Amino acid sequence: MKNNYLLKTVGVAILLFSQLAVCQVGIGTTNPLSTLHVEGTMRVTNTNNTTTTTKLVGTCAQGIMADVKIGPNLTLIGNELSAAGTDNSKYKVAPIRMTTPVSNTVFDNLDLDLNGTNAGVVVFRLYGSTQNFSIRGIIGGIDGRHIILYNSSAVNMKVDHLLSSTAINTIDTIGSSTSTAGVGTVELVYDGTASRWIVINIRD
C-alpha cells in the first residue's frame with residue numbers, strides 16, 4: 001500500500017515539474033505564445049547603470065525579442081553605442097605617452113588598445129618622446145580600421161616598412177620606411193586581406 005502511494009506521489013511530482021518546465025506565462029493575454037508573452041506596453045525603471053551591457057535587443061514583426069548583432073561600424077563600450085570612426089566630421093582623439101629612453105627607440109608592436117578603450121578613436125596623439133623613435137607594427141588591426149598617428153613632439157617619428165616581428169601587425173609604407181621631420185602625422189588603414197597596415201598619407 002505504501003509503495004503504491006509513493007509511486008503515485010512521485011508520478012504526480014514528475015507530471016507537475018514537467019508541466020512547469022514547459023509552461024508559458026501571459027500578461028494581458030490568456031493565450032501566451034512564448035515563455036513570457038506580454039500583450040501591451042512594458043516599462044522598466046530604476047535600472048542598474050553600473051552593469052556593463054554587451055548586446056542589444058530588438059523585436060521582429062510578431063514582437064518576439066532577439067539579440068541584435070553589432071556591425072563593425074558600431075561599438076558598444078561602457079553602455080554607450082557609438083559609430084566606430086565612420087563620421088569623418090568628428091574624430092575622437094586619444095593621448096598615448098611614448099617613452100624613449102634612448103635615441104631611435106623601437107616600438108615593434110605598438111599597443112593602442114584599438115579593440116578596447118580606444119575602439120572608436122581615430123587620432124592618436126603621441127606625446128612625451130624626447131628622442132627619435134620608430135614604429136614597426138601596431139596591434140589590433142581589423143579590415144578597414146582607419147587611424148592617424150599624430151607625433152606632437154619635435155623629435156622624428158619613423159615608420160618602418162614590413163619589419164614587425166608579428167606579421168599581422170606589420171606596416172606597409174609602400175616601398176620604403178618613412179618618417180616625420182618632427183611634428184607630423186601618418187595616416188594608416190588596415191587591409192584585412194593582406195593582414196597589414198597600409199600608409200595612405202604623411203604630413204609633416
# chains A, B, ... in the order shown; residues from 1 in each chain; ligands from 1
call {"tool": "residues_around", "arguments": {"residues": "segment 163-172 of chain A", "least_positions_apart": "2", "cutoff": "6 Å", "atoms": "only C-alpha atoms", "output": "PDB file with all heavy atoms, in the first residue's frame"}}
result
ATOM      1  N   ASP A 108      58.078  47.802 -31.550  1.00  0.00           N
ATOM      2  CA  ASP A 108      57.872  46.726 -32.520  1.00  0.00           C
ATOM      3  C   ASP A 108      56.385  46.451 -32.739  1.00  0.00           C
ATOM      4  O   ASP A 108      55.926  46.335 -33.873  1.00  0.00           O
ATOM      5  CB  ASP A 108      58.576  45.462 -32.030  1.00  0.00           C
ATOM      6  CG  ASP A 108      58.519  44.341 -33.060  1.00  0.00           C
ATOM      7  OD1 ASP A 108      58.218  44.618 -34.235  1.00  0.00           O
ATOM      8  OD2 ASP A 108      58.751  43.182 -32.696  1.00  0.00           O
ATOM      9  N   ARG A 136      57.323  49.839 -35.770  1.00  0.00           N
ATOM     10  CA  ARG A 136      57.423  48.746 -36.737  1.00  0.00           C
ATOM     11  C   ARG A 136      56.119  47.971 -36.908  1.00  0.00           C
ATOM     12  O   ARG A 136      55.949  47.245 -37.888  1.00  0.00           O
ATOM     13  CB  ARG A 136      58.538  47.788 -36.319  1.00  0.00           C
ATOM     14  CG  ARG A 136      59.913  48.401 -36.438  1.00  0.00           C
ATOM     15  CD  ARG A 136      61.010  47.390 -36.164  1.00  0.00           C
ATOM     16  NE  ARG A 136      62.329  47.975 -36.401  1.00  0.00           N
ATOM     17  CZ  ARG A 136      63.475  47.359 -36.183  1.00  0.00           C
ATOM     18  NH1 ARG A 136      63.474  46.100 -35.734  1.00  0.00           N
ATOM     19  NH2 ARG A 136      64.618  47.962 -36.426  1.00  0.00           N
ATOM     20  N   GLY A 137      55.233  48.086 -35.953  1.00  0.00           N
ATOM     21  CA  GLY A 137      53.976  47.343 -36.029  1.00  0.00           C
ATOM     22  C   GLY A 137      52.958  47.911 -35.058  1.00  0.00           C
ATOM     23  O   GLY A 137      53.316  48.573 -34.078  1.00  0.00           O
ATOM     24  N   ILE A 138      51.671  47.670 -35.327  1.00  0.00           N
ATOM     25  CA  ILE A 138      50.584  48.155 -34.475  1.00  0.00           C
ATOM     26  C   ILE A 138      49.626  47.000 -34.222  1.00  0.00           C
ATOM     27  O   ILE A 138      49.148  46.349 -35.168  1.00  0.00           O
ATOM     28  CB  ILE A 138      49.842  49.332 -35.135  1.00  0.00           C
ATOM     29  CG1 ILE A 138      50.820  50.481 -35.403  1.00  0.00           C
ATOM     30  CG2 ILE A 138      48.685  49.802 -34.270  1.00  0.00           C
ATOM     31  CD1 ILE A 138      50.242  51.603 -36.233  1.00  0.00           C
ATOM     32  N   ILE A 139      49.323  46.762 -32.966  1.00  0.00           N
ATOM     33  CA  ILE A 139      48.455  45.645 -32.567  1.00  0.00           C
ATOM     34  C   ILE A 139      46.975  45.988 -32.802  1.00  0.00           C
ATOM     35  O   ILE A 139      46.566  47.133 -32.640  1.00  0.00           O
ATOM     36  CB  ILE A 139      48.675  45.309 -31.077  1.00  0.00           C
ATOM     37  CG1 ILE A 139      50.126  44.844 -30.855  1.00  0.00           C
ATOM     38  CG2 ILE A 139      47.700  44.262 -30.576  1.00  0.00           C
ATOM     39  CD1 ILE A 139      50.483  44.648 -29.389  1.00  0.00           C
ATOM     40  N   HIS A 161      59.182  49.868 -42.771  1.00  0.00           N
ATOM     41  CA  HIS A 161      58.495  49.116 -43.819  1.00  0.00           C
ATOM     42  C   HIS A 161      58.643  47.610 -43.615  1.00  0.00           C
ATOM     43  O   HIS A 161      59.753  47.067 -43.706  1.00  0.00           O
ATOM     44  CB  HIS A 161      59.059  49.521 -45.188  1.00  0.00           C
ATOM     45  CG  HIS A 161      58.484  48.760 -46.344  1.00  0.00           C
ATOM     46  ND1 HIS A 161      57.154  48.801 -46.685  1.00  0.00           N
ATOM     47  CD2 HIS A 161      59.069  47.920 -47.244  1.00  0.00           C
ATOM     48  CE1 HIS A 161      56.941  48.046 -47.746  1.00  0.00           C
ATOM     49  NE2 HIS A 161      58.085  47.495 -48.089  1.00  0.00           N
ATOM     50  N   ILE A 174      54.566  51.335 -48.518  1.00  0.00           N
ATOM     51  CA  ILE A 174      54.568  51.401 -49.981  1.00  0.00           C
ATOM     52  C   ILE A 174      55.976  51.687 -50.518  1.00  0.00           C
ATOM     53  O   ILE A 174      56.241  52.713 -51.157  1.00  0.00           O
ATOM     54  CB  ILE A 174      53.570  52.438 -50.541  1.00  0.00           C
ATOM     55  CG1 ILE A 174      52.240  52.356 -49.790  1.00  0.00           C
ATOM     56  CG2 ILE A 174      53.352  52.224 -52.023  1.00  0.00           C
ATOM     57  CD1 ILE A 174      51.539  51.032 -49.916  1.00  0.00           C
ATOM     58  N   SER A 195      46.452  41.401 -44.419  1.00  0.00           N
ATOM     59  CA  SER A 195      46.836  41.317 -42.997  1.00  0.00           C
ATOM     60  C   SER A 195      48.001  42.244 -42.667  1.00  0.00           C
ATOM     61  O   SER A 195      49.024  41.822 -42.122  1.00  0.00           O
ATOM     62  CB  SER A 195      47.184  39.868 -42.610  1.00  0.00           C
ATOM     63  OG  SER A 195      46.078  39.028 -42.761  1.00  0.00           O
ATOM     64  N   ARG A 196      47.833  43.518 -43.002  1.00  0.00           N
ATOM     65  CA  ARG A 196      48.869  44.503 -42.691  1.00  0.00           C
ATOM     66  C   ARG A 196      48.281  45.917 -42.738  1.00  0.00           C
ATOM     67  O   ARG A 196      47.223  46.145 -43.328  1.00  0.00           O
ATOM     68  CB  ARG A 196      50.029  44.408 -43.690  1.00  0.00           C
ATOM     69  CG  ARG A 196      49.645  44.758 -45.126  1.00  0.00           C
ATOM     70  CD  ARG A 196      50.796  44.596 -46.095  1.00  0.00           C
ATOM     71  NE  ARG A 196      51.326  43.250 -46.101  1.00  0.00           N
ATOM     72  CZ  ARG A 196      52.244  42.807 -46.956  1.00  0.00           C
ATOM     73  NH1 ARG A 196      52.755  43.641 -47.847  1.00  0.00           N
ATOM     74  NH2 ARG A 196      52.676  41.567 -46.917  1.00  0.00           N
ATOM     75  N   TRP A 197      48.975  46.849 -42.093  1.00  0.00           N
ATOM     76  CA  TRP A 197      48.613  48.254 -42.164  1.00  0.00           C
ATOM     77  C   TRP A 197      49.189  48.858 -43.449  1.00  0.00           C
ATOM     78  O   TRP A 197      50.291  48.516 -43.855  1.00  0.00           O
ATOM     79  CB  TRP A 197      49.166  49.004 -40.961  1.00  0.00           C
ATOM     80  CG  TRP A 197      48.519  48.639 -39.661  1.00  0.00           C
ATOM     81  CD1 TRP A 197      48.977  47.713 -38.758  1.00  0.00           C
ATOM     82  CD2 TRP A 197      47.299  49.178 -39.133  1.00  0.00           C
ATOM     83  NE1 TRP A 197      48.105  47.657 -37.693  1.00  0.00           N
ATOM     84  CE2 TRP A 197      47.085  48.532 -37.886  1.00  0.00           C
ATOM     85  CE3 TRP A 197      46.388  50.125 -39.571  1.00  0.00           C
ATOM     86  CZ2 TRP A 197      45.970  48.825 -37.087  1.00  0.00           C
ATOM     87  CZ3 TRP A 197      45.278  50.421 -38.793  1.00  0.00           C
ATOM     88  CH2 TRP A 197      45.089  49.771 -37.564  1.00  0.00           C
ATOM     89  N   ILE A 198      48.440  49.766 -44.059  1.00  0.00           N
ATOM     90  CA  ILE A 198      48.892  50.451 -45.248  1.00  0.00           C
ATOM     91  C   ILE A 198      48.960  51.959 -44.955  1.00  0.00           C
ATOM     92  O   ILE A 198      47.980  52.548 -44.482  1.00  0.00           O
ATOM     93  CB  ILE A 198      47.936  50.222 -46.438  1.00  0.00           C
ATOM     94  CG1 ILE A 198      47.686  48.730 -46.658  1.00  0.00           C
ATOM     95  CG2 ILE A 198      48.482  50.881 -47.699  1.00  0.00           C
ATOM     96  CD1 ILE A 198      48.910  47.939 -47.054  1.00  0.00           C
TER      97      ILE A 198
END
call {"tool": "select_by_dssp", "arguments": {"residues": "segment 146-183 of chain A", "states": "strand (DSSP E or B)", "output": "ChimeraX atom specification"}}
result
/A:146-151,157-159,170-172,178-180
call {"tool": "write_last_selection", "arguments": {"atoms": "N, CA, C and O atoms", "output": "compact mmCIF listing (two decimals), in the first residue's frame"}}
result
# COMPACT_ATOMS: atom_id res chain seq x y z
N HIS A 146 40.78 52.59 -39.58
CA HIS A 146 41.45 53.81 -40.01
C HIS A 146 42.02 54.52 -38.79
O HIS A 146 41.29 54.80 -37.83
N ILE A 147 43.30 54.83 -38.79
CA ILE A 147 43.91 55.55 -37.68
C ILE A 147 44.87 56.61 -38.22
O ILE A 147 45.37 56.50 -39.34
N ILE A 148 45.09 57.63 -37.39
CA ILE A 148 46.07 58.68 -37.70
C ILE A 148 47.01 58.82 -36.50
O ILE A 148 46.55 59.05 -35.37
N LEU A 149 48.29 58.63 -36.73
CA LEU A 149 49.30 58.81 -35.69
C LEU A 149 49.80 60.25 -35.76
O LEU A 149 50.37 60.66 -36.77
N TYR A 150 49.57 61.00 -34.67
CA TYR A 150 49.98 62.40 -34.62
C TYR A 150 51.16 62.54 -33.68
O TYR A 150 51.02 62.44 -32.46
N ASN A 151 52.33 62.73 -34.24
CA ASN A 151 53.55 62.93 -33.45
C ASN A 151 53.58 64.39 -33.01
O ASN A 151 53.86 65.28 -33.81
N MET A 157 59.56 60.85 -35.95
CA MET A 157 58.87 59.58 -35.83
C MET A 157 59.03 58.81 -37.14
O MET A 157 58.59 59.25 -38.19
N LYS A 158 59.68 57.66 -37.08
CA LYS A 158 59.91 56.85 -38.26
C LYS A 158 58.94 55.67 -38.28
O LYS A 158 58.65 55.07 -37.24
N VAL A 159 58.42 55.35 -39.45
CA VAL A 159 57.56 54.18 -39.62
C VAL A 159 58.30 53.20 -40.52
O VAL A 159 58.57 53.51 -41.70
N THR A 170 52.33 44.23 -39.02
CA THR A 170 53.32 44.94 -39.81
C THR A 170 52.72 46.12 -40.58
O THR A 170 51.51 46.18 -40.81
N ILE A 171 53.57 47.03 -41.00
CA ILE A 171 53.15 48.24 -41.70
C ILE A 171 53.80 48.29 -43.08
O ILE A 171 55.02 48.16 -43.21
N ASP A 172 52.98 48.50 -44.10
CA ASP A 172 53.47 48.64 -45.46
C ASP A 172 53.48 50.13 -45.81
O ASP A 172 52.43 50.75 -45.93
N THR A 178 59.47 55.44 -43.83
CA THR A 178 59.22 56.88 -43.93
C THR A 178 59.21 57.49 -42.54
O THR A 178 59.13 56.78 -41.54
N SER A 179 59.29 58.80 -42.47
CA SER A 179 59.32 59.45 -41.16
C SER A 179 58.82 60.88 -41.25
O SER A 179 58.78 61.47 -42.33
N THR A 180 58.44 61.40 -40.09
CA THR A 180 58.07 62.81 -39.98
C THR A 180 59.28 63.58 -39.48
O THR A 180 60.02 63.09 -38.63
call {"tool": "residues_around", "arguments": {"residues": "Asp143 of chain A", "least_positions_apart": "6", "cutoff": "10 Å", "atoms": "only C-alpha atoms", "output": "VMD selection string"}}
result
chain A and resid 72 189 to 197
call {"tool": "atom_distance", "arguments": {"atom1": "atom CA of Val68 of chain A", "atom2": "atom CA of Thr52 of chain A"}}
result
16.4 Å
call {"tool": "residues_around", "arguments": {"residues": "Val102 of chain A", "least_positions_apart": "2", "cutoff": "9 Å", "atoms": "only C-alpha atoms", "output": "PyMOL selection string"}}
result
chain A and resi 100+104-105+130-133
call {"tool": "residues_around", "arguments": {"residues": "segment 23-29 of chain A", "least_positions_apart": "4", "cutoff": "8 Å", "atoms": "only C-alpha atoms", "output": "ChimeraX atom specification"}}
result
/A:19,33-40
call {"tool": "residues_around", "arguments": {"residues": "Lys92 of chain A", "least_positions_apart": "5", "cutoff": "7 Å", "atoms": "only C-alpha atoms", "output": "VMD selection string"}}
result
chain A and resid 120 to 123
